[in-house]
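S.K.: Data: query31.txt, compact mmCIF, C-alpha atoms.
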```txt
# COMPACT_ATOMS: atom_id res chain seq x y z
CA MET Y 1 86.52 34.75 45.35
CA LYS Y 2 84.40 31.73 45.84
CA LEU Y 3 83.53 28.81 43.55
CA PHE Y 4 80.29 30.21 42.17
CA ASP Y 5 82.02 33.52 41.57
CA TYR Y 6 84.31 31.80 39.08
CA ILE Y 7 81.34 29.99 37.56
CA ALA Y 8 79.49 33.28 37.20
CA LEU Y 9 82.54 34.84 35.56
CA VAL Y 10 82.92 31.94 33.14
CA ILE Y 11 79.22 32.00 32.21
CA THR Y 12 79.27 35.73 31.61
CA VAL Y 13 82.50 35.76 29.58
CA SER Y 14 81.41 32.81 27.41
CA PHE Y 15 78.08 34.47 26.77
CA THR Y 16 79.84 37.66 25.69
CA VAL Y 17 82.14 35.72 23.36
CA ILE Y 18 79.18 33.88 21.83
CA VAL Y 19 77.34 37.13 21.21
CA PHE Y 20 80.51 38.59 19.71
CA ILE Y 21 80.86 35.72 17.26
CA GLY Y 22 77.15 35.78 16.52
CA SER Y 23 77.28 39.46 15.63
CA PHE Y 24 79.29 38.64 12.50
CA SER Y 25 76.33 36.86 10.97
CA VAL Y 26 74.28 39.99 11.56
CA LYS Y 27 76.54 41.87 9.17
CA SER Y 28 75.96 39.38 6.37
CA SER Y 29 72.20 39.62 6.74
CA PHE Y 30 72.36 43.13 5.33
CA LEU Y 31 74.40 42.20 2.29
CA GLU Y 32 72.79 41.17 -0.94
CA VAL Y 33 73.89 39.14 -3.93
CA TYR Y 34 73.31 40.93 -7.19
CA ILE Y 35 73.16 38.71 -10.28
CA GLU Y 36 72.99 40.01 -13.80
CA SER Y 37 72.59 38.01 -16.95
CA GLU Y 38 72.09 39.15 -20.52
CA ASN Y 39 68.49 40.13 -20.08
CA LYS Y 40 67.57 39.58 -16.42
CA THR Y 41 68.65 40.70 -12.95
CA TRP Y 42 68.22 38.98 -9.60
CA ILE Y 43 68.84 40.08 -6.06
CA TYR Y 44 69.06 37.66 -3.12
CA PRO Y 45 70.06 38.25 0.50
CA LEU Y 46 73.53 36.91 1.27
CA LYS Y 47 72.02 35.08 4.19
CA SER Y 48 69.71 33.00 2.00
CA PHE Y 49 70.19 29.57 0.50
CA ASN Y 50 69.87 29.32 -3.24
CA GLU Y 51 70.91 27.29 -6.20
CA GLN Y 52 70.02 28.61 -9.58
CA SER Y 53 70.86 28.01 -13.18
CA ILE Y 54 71.19 30.98 -15.50
CA SER Y 55 71.09 30.50 -19.25
CA GLY Y 56 73.26 32.58 -21.51
CA PRO Y 57 74.85 32.54 -24.96
CA SER Y 58 77.27 29.74 -24.04
CA GLY Y 59 74.87 27.58 -22.10
CA ASN Y 60 74.05 27.41 -18.41
CA THR Y 61 75.83 28.81 -15.39
CA VAL Y 62 74.83 27.46 -12.00
CA PHE Y 63 75.54 29.54 -8.92
CA VAL Y 64 75.01 28.66 -5.27
CA ILE Y 65 74.41 30.90 -2.25
CA GLU Y 66 74.94 29.14 1.07
CA ASN Y 67 76.34 29.91 4.56
CA GLY Y 68 77.08 33.48 3.53
CA PHE Y 69 79.18 32.40 0.54
CA VAL Y 70 78.46 32.63 -3.16
CA TYR Y 71 80.20 30.54 -5.78
CA ILE Y 72 79.68 29.23 -9.27
CA GLN Y 73 79.17 25.50 -9.26
CA GLU Y 74 79.00 24.66 -12.94
CA SER Y 75 79.27 26.53 -16.15
CA ASP Y 76 79.14 25.71 -19.85
CA CYS Y 77 81.96 28.05 -20.77
CA SER Y 78 85.26 26.75 -22.16
CA GLU Y 79 87.72 28.31 -19.69
CA LYS Y 80 85.81 27.78 -16.41
CA THR Y 81 87.66 30.69 -14.81
CA CYS Y 82 84.46 31.64 -13.05
CA ILE Y 83 84.45 28.34 -11.15
CA LYS Y 84 88.13 28.63 -10.39
CA SER Y 85 87.56 32.07 -8.86
CA GLY Y 86 86.10 30.28 -5.89
CA LYS Y 87 83.85 31.76 -3.26
CA ILE Y 88 82.90 35.33 -2.50
CA TRP Y 89 81.43 36.57 0.75
CA LYS Y 90 82.22 40.25 1.24
CA GLN Y 91 80.75 43.42 -0.10
CA GLY Y 92 82.54 44.42 -3.27
CA GLN Y 93 83.68 40.97 -4.32
CA TRP Y 94 82.40 39.63 -7.60
CA LEU Y 95 82.31 36.65 -9.95
CA ALA Y 96 81.72 36.70 -13.67
CA CYS Y 97 81.35 34.32 -16.58
CA LEU Y 98 82.14 36.51 -19.53
CA PRO Y 99 81.25 34.07 -22.34
CA ASN Y 100 77.89 33.55 -20.73
CA ARG Y 101 77.37 37.19 -19.84
CA VAL Y 102 76.78 36.41 -16.17
CA PHE Y 103 77.89 38.81 -13.46
CA ILE Y 104 77.50 38.14 -9.72
CA GLY Y 105 78.40 40.72 -7.10
CA ILE Y 106 77.83 41.40 -3.40
CA ARG Y 107 76.63 44.82 -2.44
CA GLY Y 108 74.85 46.69 0.25
CA ASN Y 109 76.20 47.92 3.55
CA GLU Y 110 74.94 48.35 7.11
CA GLU Y 111 74.62 52.12 6.96
CA SER Y 112 72.16 52.15 4.09
CA GLU Y 113 70.08 49.44 5.73
CA LEU Y 114 69.87 51.31 9.03
CA ASP Y 115 68.61 54.41 7.27
CA GLY Y 116 65.66 52.37 6.17
CA GLU Y 117 65.54 51.89 2.43
CA ALA Y 118 62.04 51.21 1.20
CA TYR Y 119 61.41 49.27 -1.93
CA MET H 1 53.85 58.21 72.41
CA VAL H 2 55.77 58.26 69.15
CA LYS H 3 56.00 54.96 67.43
CA PRO H 4 59.52 54.22 66.30
CA ILE H 5 59.82 54.08 62.52
CA ASN H 6 60.20 50.59 61.19
CA LYS H 7 63.92 49.83 60.96
CA LYS H 8 63.50 48.20 57.58
CA ILE H 9 61.83 51.25 56.09
CA GLU H 10 64.59 53.40 57.52
CA LEU H 11 67.29 51.30 55.97
CA THR H 12 65.50 51.13 52.62
CA ALA H 13 65.13 54.89 52.57
CA PHE H 14 68.76 55.38 53.51
CA LEU H 15 69.99 53.00 50.82
CA GLY H 16 67.67 54.68 48.33
CA GLY H 17 69.22 58.02 49.16
CA LEU H 18 72.69 56.50 48.86
CA SER H 19 71.69 55.16 45.45
CA LEU H 20 70.62 58.63 44.35
CA PHE H 21 73.95 60.05 45.47
CA LEU H 22 75.89 57.34 43.67
CA SER H 23 73.91 58.01 40.47
CA ALA H 24 75.19 61.56 40.65
CA VAL H 25 78.73 60.29 41.23
CA GLU H 26 78.50 58.34 37.98
CA TYR H 27 78.31 61.61 36.13
CA LEU H 28 81.91 62.32 37.12
CA PHE H 29 83.05 59.64 34.72
CA PRO H 30 83.25 60.22 30.96
CA LYS H 31 80.88 58.13 28.88
CA PRO H 32 82.02 57.45 25.32
CA VAL H 33 78.79 55.63 24.56
CA PRO H 34 75.48 56.69 26.13
CA PHE H 35 74.24 53.30 27.30
CA MET H 36 77.39 52.22 29.09
CA ARG H 37 76.77 52.94 32.72
CA ILE H 38 79.22 51.97 35.44
CA GLY H 39 76.47 51.09 37.87
CA PHE H 40 77.63 52.59 41.15
CA ALA H 41 73.98 52.87 42.08
CA ASN H 42 73.78 49.09 42.28
CA LEU H 43 76.00 49.06 45.34
CA PRO H 44 73.18 49.71 47.86
CA ILE H 45 71.16 46.94 46.26
CA LEU H 46 74.02 44.51 46.80
CA PHE H 47 74.14 45.53 50.45
CA SER H 48 70.39 45.11 50.81
CA LEU H 49 70.40 41.50 49.57
CA ARG H 50 71.45 40.13 52.92
CA LEU H 51 69.97 42.87 55.08
CA LEU H 52 66.39 43.29 53.93
CA PRO H 53 63.44 41.06 52.99
CA VAL H 54 62.48 40.72 49.33
CA PRO H 55 59.65 43.31 49.16
CA TYR H 56 62.00 45.94 50.59
CA ILE H 57 64.72 45.01 48.12
CA LEU H 58 62.28 45.52 45.24
CA LEU H 59 61.20 48.83 46.75
CA LEU H 60 64.86 49.82 46.85
CA VAL H 61 65.22 48.91 43.17
CA LEU H 62 62.29 51.19 42.42
CA LEU H 63 63.98 53.96 44.38
CA LYS H 64 67.21 53.33 42.52
CA ILE H 65 65.76 53.57 39.02
CA THR H 66 63.72 56.63 39.96
CA GLY H 67 66.84 58.25 41.40
CA GLN H 68 68.92 57.45 38.32
CA ALA H 69 66.17 58.75 36.05
CA LEU H 70 65.85 61.98 38.01
CA ILE H 71 69.60 62.58 37.86
CA SER H 72 69.93 61.83 34.16
CA GLY H 73 66.65 63.46 33.18
CA THR H 74 65.17 60.37 31.57
CA LEU H 75 62.21 59.82 33.88
CA THR H 76 59.59 60.38 31.20
CA SER H 77 61.38 58.78 28.28
CA TYR H 78 61.43 55.26 26.93
CA VAL H 79 64.92 54.88 28.37
CA PHE H 80 63.30 54.73 31.78
CA LEU H 81 61.43 51.58 30.78
CA PHE H 82 64.67 50.03 29.59
CA SER H 83 66.31 50.94 32.87
CA ALA H 84 63.37 49.52 34.83
CA ALA H 85 63.41 46.25 32.90
CA GLY H 86 67.16 45.92 33.30
CA SER H 87 67.22 46.73 37.00
CA PHE H 88 64.30 44.49 37.92
CA SER H 89 65.65 41.57 35.88
CA SER H 90 68.95 42.08 37.62
CA ALA H 91 67.24 42.21 41.03
CA VAL H 92 65.26 39.03 40.40
CA VAL H 93 68.43 37.13 39.56
CA MET H 94 70.33 38.53 42.53
CA ILE H 95 67.47 37.77 44.92
CA SER H 96 67.37 34.19 43.66
CA LEU H 97 71.09 33.84 44.28
CA ARG H 98 71.27 35.49 47.68
CA LYS H 99 70.25 32.39 49.64
CA ILE H 100 73.25 30.42 48.39
CA PRO H 101 75.60 30.03 51.36
CA PHE H 102 78.56 32.37 51.60
CA ARG H 103 80.84 29.37 51.26
CA PHE H 104 79.94 29.07 47.61
CA ILE H 105 79.21 32.56 46.38
CA SER H 106 80.16 36.05 47.38
CA LEU H 107 78.72 39.39 46.35
CA ILE H 108 81.15 39.35 43.41
CA GLY H 109 79.37 36.46 41.70
CA ILE H 110 75.94 37.85 42.55
CA SER H 111 76.92 41.22 41.14
CA ILE H 112 78.24 39.70 37.91
CA MET H 113 75.16 37.53 37.33
CA GLY H 114 72.84 40.41 38.21
CA ALA H 115 74.61 42.65 35.73
CA LEU H 116 74.45 39.96 33.05
CA ALA H 117 70.72 39.50 33.52
CA GLY H 118 70.06 43.24 33.45
CA ASN H 119 72.22 43.77 30.37
CA ILE H 120 70.63 40.88 28.46
CA ALA H 121 67.18 42.27 29.23
CA GLN H 122 68.20 45.70 27.94
CA ILE H 123 69.83 44.27 24.79
CA LEU H 124 66.77 42.15 23.98
CA LEU H 125 64.49 45.14 24.46
CA SER H 126 66.63 47.36 22.27
CA VAL H 127 66.82 44.74 19.52
CA LYS H 128 63.07 44.28 19.61
CA PHE H 129 61.95 47.87 19.90
CA ILE H 130 64.61 50.33 18.90
CA PHE H 131 67.51 49.14 16.78
CA SER H 132 66.55 45.74 15.33
CA GLU H 133 69.32 43.27 14.61
CA SER H 134 72.10 45.82 14.49
CA ALA H 135 71.92 46.20 18.28
CA TRP H 136 73.73 42.88 18.46
CA LEU H 137 76.80 44.52 16.94
CA ILE H 138 77.33 46.69 20.00
CA ALA H 139 76.12 44.05 22.47
CA PRO H 140 79.51 42.36 23.13
CA TYR H 141 81.15 45.65 24.17
CA PHE H 142 78.18 46.54 26.32
CA LEU H 143 78.41 43.16 28.04
CA LEU H 144 82.16 43.44 28.46
CA ILE H 145 81.95 46.79 30.22
CA GLY H 146 79.20 45.25 32.34
CA ILE H 147 81.41 42.34 33.38
CA ILE H 148 84.30 44.58 34.39
CA SER H 149 82.22 47.13 36.29
CA SER H 150 80.03 44.55 38.03
CA PHE H 151 83.13 42.62 39.08
CA LEU H 152 84.73 45.71 40.62
CA ILE H 153 81.54 46.87 42.31
CA GLY H 154 80.88 43.36 43.61
CA LEU H 155 84.44 43.15 44.89
CA PHE H 156 84.06 46.43 46.75
CA ALA H 157 80.70 45.40 48.17
CA GLN H 158 82.07 42.09 49.38
CA LYS H 159 85.16 43.59 51.03
CA PHE H 160 83.11 46.33 52.61
CA THR H 161 80.56 43.88 53.98
CA GLU H 162 83.34 41.77 55.48
CA LYS H 163 85.12 44.66 57.16
CA SER H 164 82.36 47.09 58.06
CA LYS H 165 81.17 47.33 61.64
CA TRP H 166 78.23 49.36 60.50
CA ILE H 167 76.97 46.52 58.32
CA LYS H 168 77.52 44.05 61.15
CA SER H 169 75.36 46.15 63.44
CA LEU H 170 72.63 46.29 60.83
CA GLU H 171 72.72 42.54 60.38
CA ASN H 172 72.12 42.10 64.08
CA ARG H 173 69.42 44.67 64.47
CA ILE H 174 67.16 43.80 61.52
```
As structure tokens - that is how I would like this structure written.
M.R.:
Amino acid sequence: MKLFDYIALVITVSFTVIVFIGSFSVKSSFLEVYIESENKTWIYPLKSFNEQSISGPSGNTVFVIENGFVYIQESDCSEKTCIKSGKIWKQGQWLACLPNRVFIGIRGNEESELDGEAY
Amino acid sequence: MVKPINKKIELTAFLGGLSLFLSAVEYLFPKPVPFMRIGFANLPILFSLRLLPVPYILLLVLLKITGQALISGTLTSYVFLFSAAGSFSSAVVMISLRKIPFRFISLIGISIMGALAGNIAQILLSVKFIFSESAWLIAPYFLLIGIISSFLIGLFAQKFTEKSKWIKSLENRI
């Protein structure tokens, strides 16, 4: 084994590792954030960047979508449990501000996307 | 008077035939996933790098992909285009590397880089045309198998080239 052989091996293995790590972000591009308030619904891709204020009976709830995470930044409720719940990032996880009637969930999975849903 | 056949053409044809045989040998091995080929048929191409001029090497690559396609029955399918793109990308990289002195690189490194180039080309094509982004999910495993098999095939090619009297005689005659 000569010098460039080792270099070739290192290049190839690092490239494979990079692709492996990169493939995780592919999974999140198929997930969507589903937000429901008292009278409106929103859907955003998990991969997007968003900051939005939703008004409800108790006031405003501000949620943020960034870097594949969703969390509630501010809320006018008294308990603030929704903020304390922290971040969500996986399918099935959810956040809710009950006084303000706001529900945020992550849904969608790779199989349904591959089958080609049309809206 | 019968003109002797050009030695280069002879060797190219022989290696092409060897490639066809090795494509058939690949079928002995179980394939859990369709696209993961071991690449025995690349062995003659590795030999040809230091034995034949560039146009003959490319001709050999053409023979190799045609042989593989005939054996696996994919000659008239889109898979053939993938195979062609992968094999020619691989050949271009290996041809560029072949002039590096033996002190620095052996057939192992050339084989690994060639396999990487070919696999990347195939992944990019499959992302663009067949599977979209989800092809990246299988890409790391595809590349990993490629590294292991290209290393082993390169190792064999290198050892064989060092020890073989037959190869030595070819190097002198051509």
S.K.: Distance cut-off 8 Å, counting only C-alpha atoms - which residues of chain Y neighbour chain H? Return them as a list in words.
M.R.: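 Using only C-alpha atoms, chain Y residues at most 8 Å from chain H: Met1, Lys2, Leu3, Phe4, Asp5, Tyr6, Ile7, Ala8, Leu9, Thr12, Val13, Thr16, Val17, Val19, Phe20, Ser23, Phe24, Val26 and Lys27 of chain Y.
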S.K.: Can you pull out every residue within 6 Å of segment 95-103 of chain Y, counting only C-alpha atoms, but drop anything in the same chain fewer than 5 positions away, and send it as a PyMOL selection string?
M.R.: chain Y and resi 35-38+56-58+82
S.K.: For the selection you just gave me, I'd like the residues written to a file as a short mmCIF file (atom, residue, chain, number, x, y, z; two decimals), keeping the file's coordinate frame, keeping C-alpha atoms.
M.R.:
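And here is the file that came out, out_7.cif:
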```cif
data_model
loop_
_atom_site.label_atom_id
_atom_site.label_comp_id
_atom_site.auth_asym_id
_atom_site.auth_seq_id
_atom_site.Cartn_x
_atom_site.Cartn_y
_atom_site.Cartn_z
CA ILE Y 35 73.16 38.71 -10.28
CA GLU Y 36 72.99 40.01 -13.80
CA SER Y 37 72.59 38.01 -16.95
CA GLU Y 38 72.09 39.15 -20.52
CA GLY Y 56 73.26 32.58 -21.51
CA PRO Y 57 74.85 32.54 -24.96
CA SER Y 58 77.27 29.74 -24.04
CA CYS Y 82 84.46 31.64 -13.05
#
```
S.K.: Counting only C-alpha atoms, figure out which residue out of Y:Ser78, Y:Gly92, Y:Asn39, Y:Phe49 gets nearest to Phe63 of chain Y.
M.R.: Y:Phe49
S.K.: Using Å and a single decimal, report how far atom CA of Gly118 of chain H sits from atom CA of Met94 of chain H.
M.R.: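 Spanning atom CA of Met94 of chain H to atom CA of Gly118 of chain H is a straight-line distance of 10.2 Å.
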S.K.: Rounded to one decimal, what separation in Å do you get between atom CA of Ile104 of chain Y and atom CA of Tyr71 of chain Y?
M.R.: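 Taking atom CA of Ile104 of chain Y as the start and atom CA of Tyr71 of chain Y as the end point, the length is 9.0 Å.
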S.K.: What is the distance between atom CA of Leu70 of chain H and atom CA of Val25 of chain H, in Å to one decimal?
M.R.: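 Rounded to one decimal, the two atoms are 13.4 Å apart.
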S.K.: Find the residue from H:Ile5, H:Ile65, H:Leu75, H:Ile57 that sits nearest to Ser96 of chain H; use all atoms listed in the file when measuring.
M.R.: H:Ile57
S.K.: Would you kindly return, as a VMD selection string, each protein, DNA or RNA residue with an atom no farther than 12 Å from any atom of Pro53 of chain H, considering only C-alpha atoms and excluding same-chain residues fewer than 2 positions away?
M.R.: chain H and resid 7 to 9 11 to 12 45 47 to 51 55 to 60 95 98 to 99 171 174
S.K.: So, counting only C-alpha atoms, which residue among H:Asn119, H:Ser149, H:Asn42, H:Asn6 is closest to Leu63 of chain H?
M.R.: H:Asn42
S.K.: Emit a file covering segment 13-43 of chain Y of the preceding structure with N, CA, C and O atoms, as a compact mmCIF listing (two decimals), in the first residue's frame.
M.R.:
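Output saved as selection_28.txt:
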```
# COMPACT_ATOMS: atom_id res chain seq x y z
N VAL Y 13 -13.59 7.20 2.35
CA VAL Y 13 -14.31 6.94 3.60
C VAL Y 13 -14.94 8.22 4.13
O VAL Y 13 -16.09 8.22 4.58
N SER Y 14 -14.19 9.35 4.08
CA SER Y 14 -14.78 10.60 4.57
C SER Y 14 -15.99 10.99 3.75
O SER Y 14 -17.00 11.46 4.28
N PHE Y 15 -15.91 10.80 2.44
CA PHE Y 15 -17.04 11.14 1.58
C PHE Y 15 -18.25 10.31 1.99
O PHE Y 15 -19.37 10.83 2.09
N THR Y 16 -18.03 9.01 2.22
CA THR Y 16 -19.14 8.15 2.61
C THR Y 16 -19.75 8.61 3.92
O THR Y 16 -20.98 8.66 4.08
N VAL Y 17 -18.90 8.97 4.89
CA VAL Y 17 -19.40 9.43 6.18
C VAL Y 17 -20.22 10.71 6.02
O VAL Y 17 -21.29 10.87 6.61
N ILE Y 18 -19.72 11.63 5.18
CA ILE Y 18 -20.43 12.89 4.96
C ILE Y 18 -21.80 12.61 4.35
O ILE Y 18 -22.82 13.18 4.77
N VAL Y 19 -21.84 11.74 3.37
CA VAL Y 19 -23.13 11.42 2.75
C VAL Y 19 -24.06 10.78 3.77
O VAL Y 19 -25.26 11.06 3.81
N PHE Y 20 -23.49 9.94 4.64
CA PHE Y 20 -24.30 9.27 5.66
C PHE Y 20 -24.94 10.30 6.59
O PHE Y 20 -26.13 10.22 6.89
N ILE Y 21 -24.13 11.27 7.03
CA ILE Y 21 -24.66 12.29 7.92
C ILE Y 21 -25.68 13.15 7.19
O ILE Y 21 -26.72 13.51 7.72
N GLY Y 22 -25.35 13.47 5.93
CA GLY Y 22 -26.25 14.31 5.14
C GLY Y 22 -27.60 13.65 4.91
O GLY Y 22 -28.61 14.33 4.76
N SER Y 23 -27.62 12.32 4.89
CA SER Y 23 -28.88 11.65 4.58
C SER Y 23 -29.91 11.84 5.68
O SER Y 23 -31.09 11.63 5.46
N PHE Y 24 -29.48 12.23 6.88
CA PHE Y 24 -30.46 12.48 7.95
C PHE Y 24 -31.32 13.70 7.66
O PHE Y 24 -32.48 13.75 8.03
N SER Y 25 -30.72 14.69 6.98
CA SER Y 25 -31.51 15.88 6.70
C SER Y 25 -32.53 15.59 5.60
O SER Y 25 -33.52 16.29 5.48
N VAL Y 26 -32.27 14.54 4.83
CA VAL Y 26 -33.23 14.17 3.79
C VAL Y 26 -34.52 13.72 4.44
O VAL Y 26 -35.61 14.03 4.00
N LYS Y 27 -34.38 12.97 5.56
CA LYS Y 27 -35.57 12.47 6.23
C LYS Y 27 -36.44 13.63 6.70
O LYS Y 27 -37.64 13.60 6.60
N SER Y 28 -35.83 14.68 7.24
CA SER Y 28 -36.66 15.75 7.77
C SER Y 28 -37.32 16.56 6.67
O SER Y 28 -38.26 17.29 6.92
N SER Y 29 -36.83 16.45 5.43
CA SER Y 29 -37.47 17.24 4.38
C SER Y 29 -38.82 16.66 4.00
O SER Y 29 -39.59 17.30 3.33
N PHE Y 30 -39.12 15.44 4.44
CA PHE Y 30 -40.42 14.89 4.12
C PHE Y 30 -41.43 15.10 5.24
O PHE Y 30 -42.58 14.79 5.11
N LEU Y 31 -40.94 15.58 6.39
CA LEU Y 31 -41.86 15.76 7.50
C LEU Y 31 -42.49 17.14 7.45
O LEU Y 31 -41.88 18.09 6.97
N GLU Y 32 -43.71 17.24 7.94
CA GLU Y 32 -44.33 18.55 7.95
C GLU Y 32 -44.86 18.89 9.33
O GLU Y 32 -45.21 18.02 10.12
N VAL Y 33 -44.91 20.20 9.58
CA VAL Y 33 -45.39 20.73 10.85
C VAL Y 33 -46.83 21.13 10.65
O VAL Y 33 -47.17 21.89 9.76
N TYR Y 34 -47.67 20.61 11.49
CA TYR Y 34 -49.12 20.78 11.35
C TYR Y 34 -49.60 21.63 12.52
O TYR Y 34 -49.45 21.25 13.67
N ILE Y 35 -50.09 22.82 12.23
CA ILE Y 35 -50.48 23.75 13.30
C ILE Y 35 -51.97 24.02 13.22
O ILE Y 35 -52.50 24.36 12.16
N GLU Y 36 -52.62 23.88 14.37
CA GLU Y 36 -54.06 24.09 14.40
C GLU Y 36 -54.40 25.11 15.48
O GLU Y 36 -53.98 24.99 16.63
N SER Y 37 -55.16 26.10 15.08
CA SER Y 37 -55.65 27.04 16.10
C SER Y 37 -57.16 26.90 16.13
O SER Y 37 -57.74 26.03 15.50
N GLU Y 38 -57.82 27.81 16.82
CA GLU Y 38 -59.26 27.69 17.00
C GLU Y 38 -60.00 27.62 15.67
O GLU Y 38 -60.94 26.87 15.49
N ASN Y 39 -59.57 28.44 14.72
CA ASN Y 39 -60.36 28.48 13.49
C ASN Y 39 -59.51 28.33 12.23
O ASN Y 39 -60.01 28.42 11.13
N LYS Y 40 -58.19 28.12 12.38
CA LYS Y 40 -57.34 28.02 11.19
C LYS Y 40 -56.35 26.88 11.33
O LYS Y 40 -55.99 26.48 12.43
N THR Y 41 -55.89 26.38 10.16
CA THR Y 41 -54.85 25.34 10.17
C THR Y 41 -53.72 25.76 9.26
O THR Y 41 -53.97 26.38 8.23
N TRP Y 42 -52.48 25.42 9.64
CA TRP Y 42 -51.34 25.68 8.77
C TRP Y 42 -50.52 24.41 8.64
O TRP Y 42 -50.46 23.60 9.55
N ILE Y 43 -49.87 24.29 7.51
CA ILE Y 43 -48.91 23.20 7.33
C ILE Y 43 -47.63 23.79 6.76
O ILE Y 43 -47.67 24.52 5.77
```
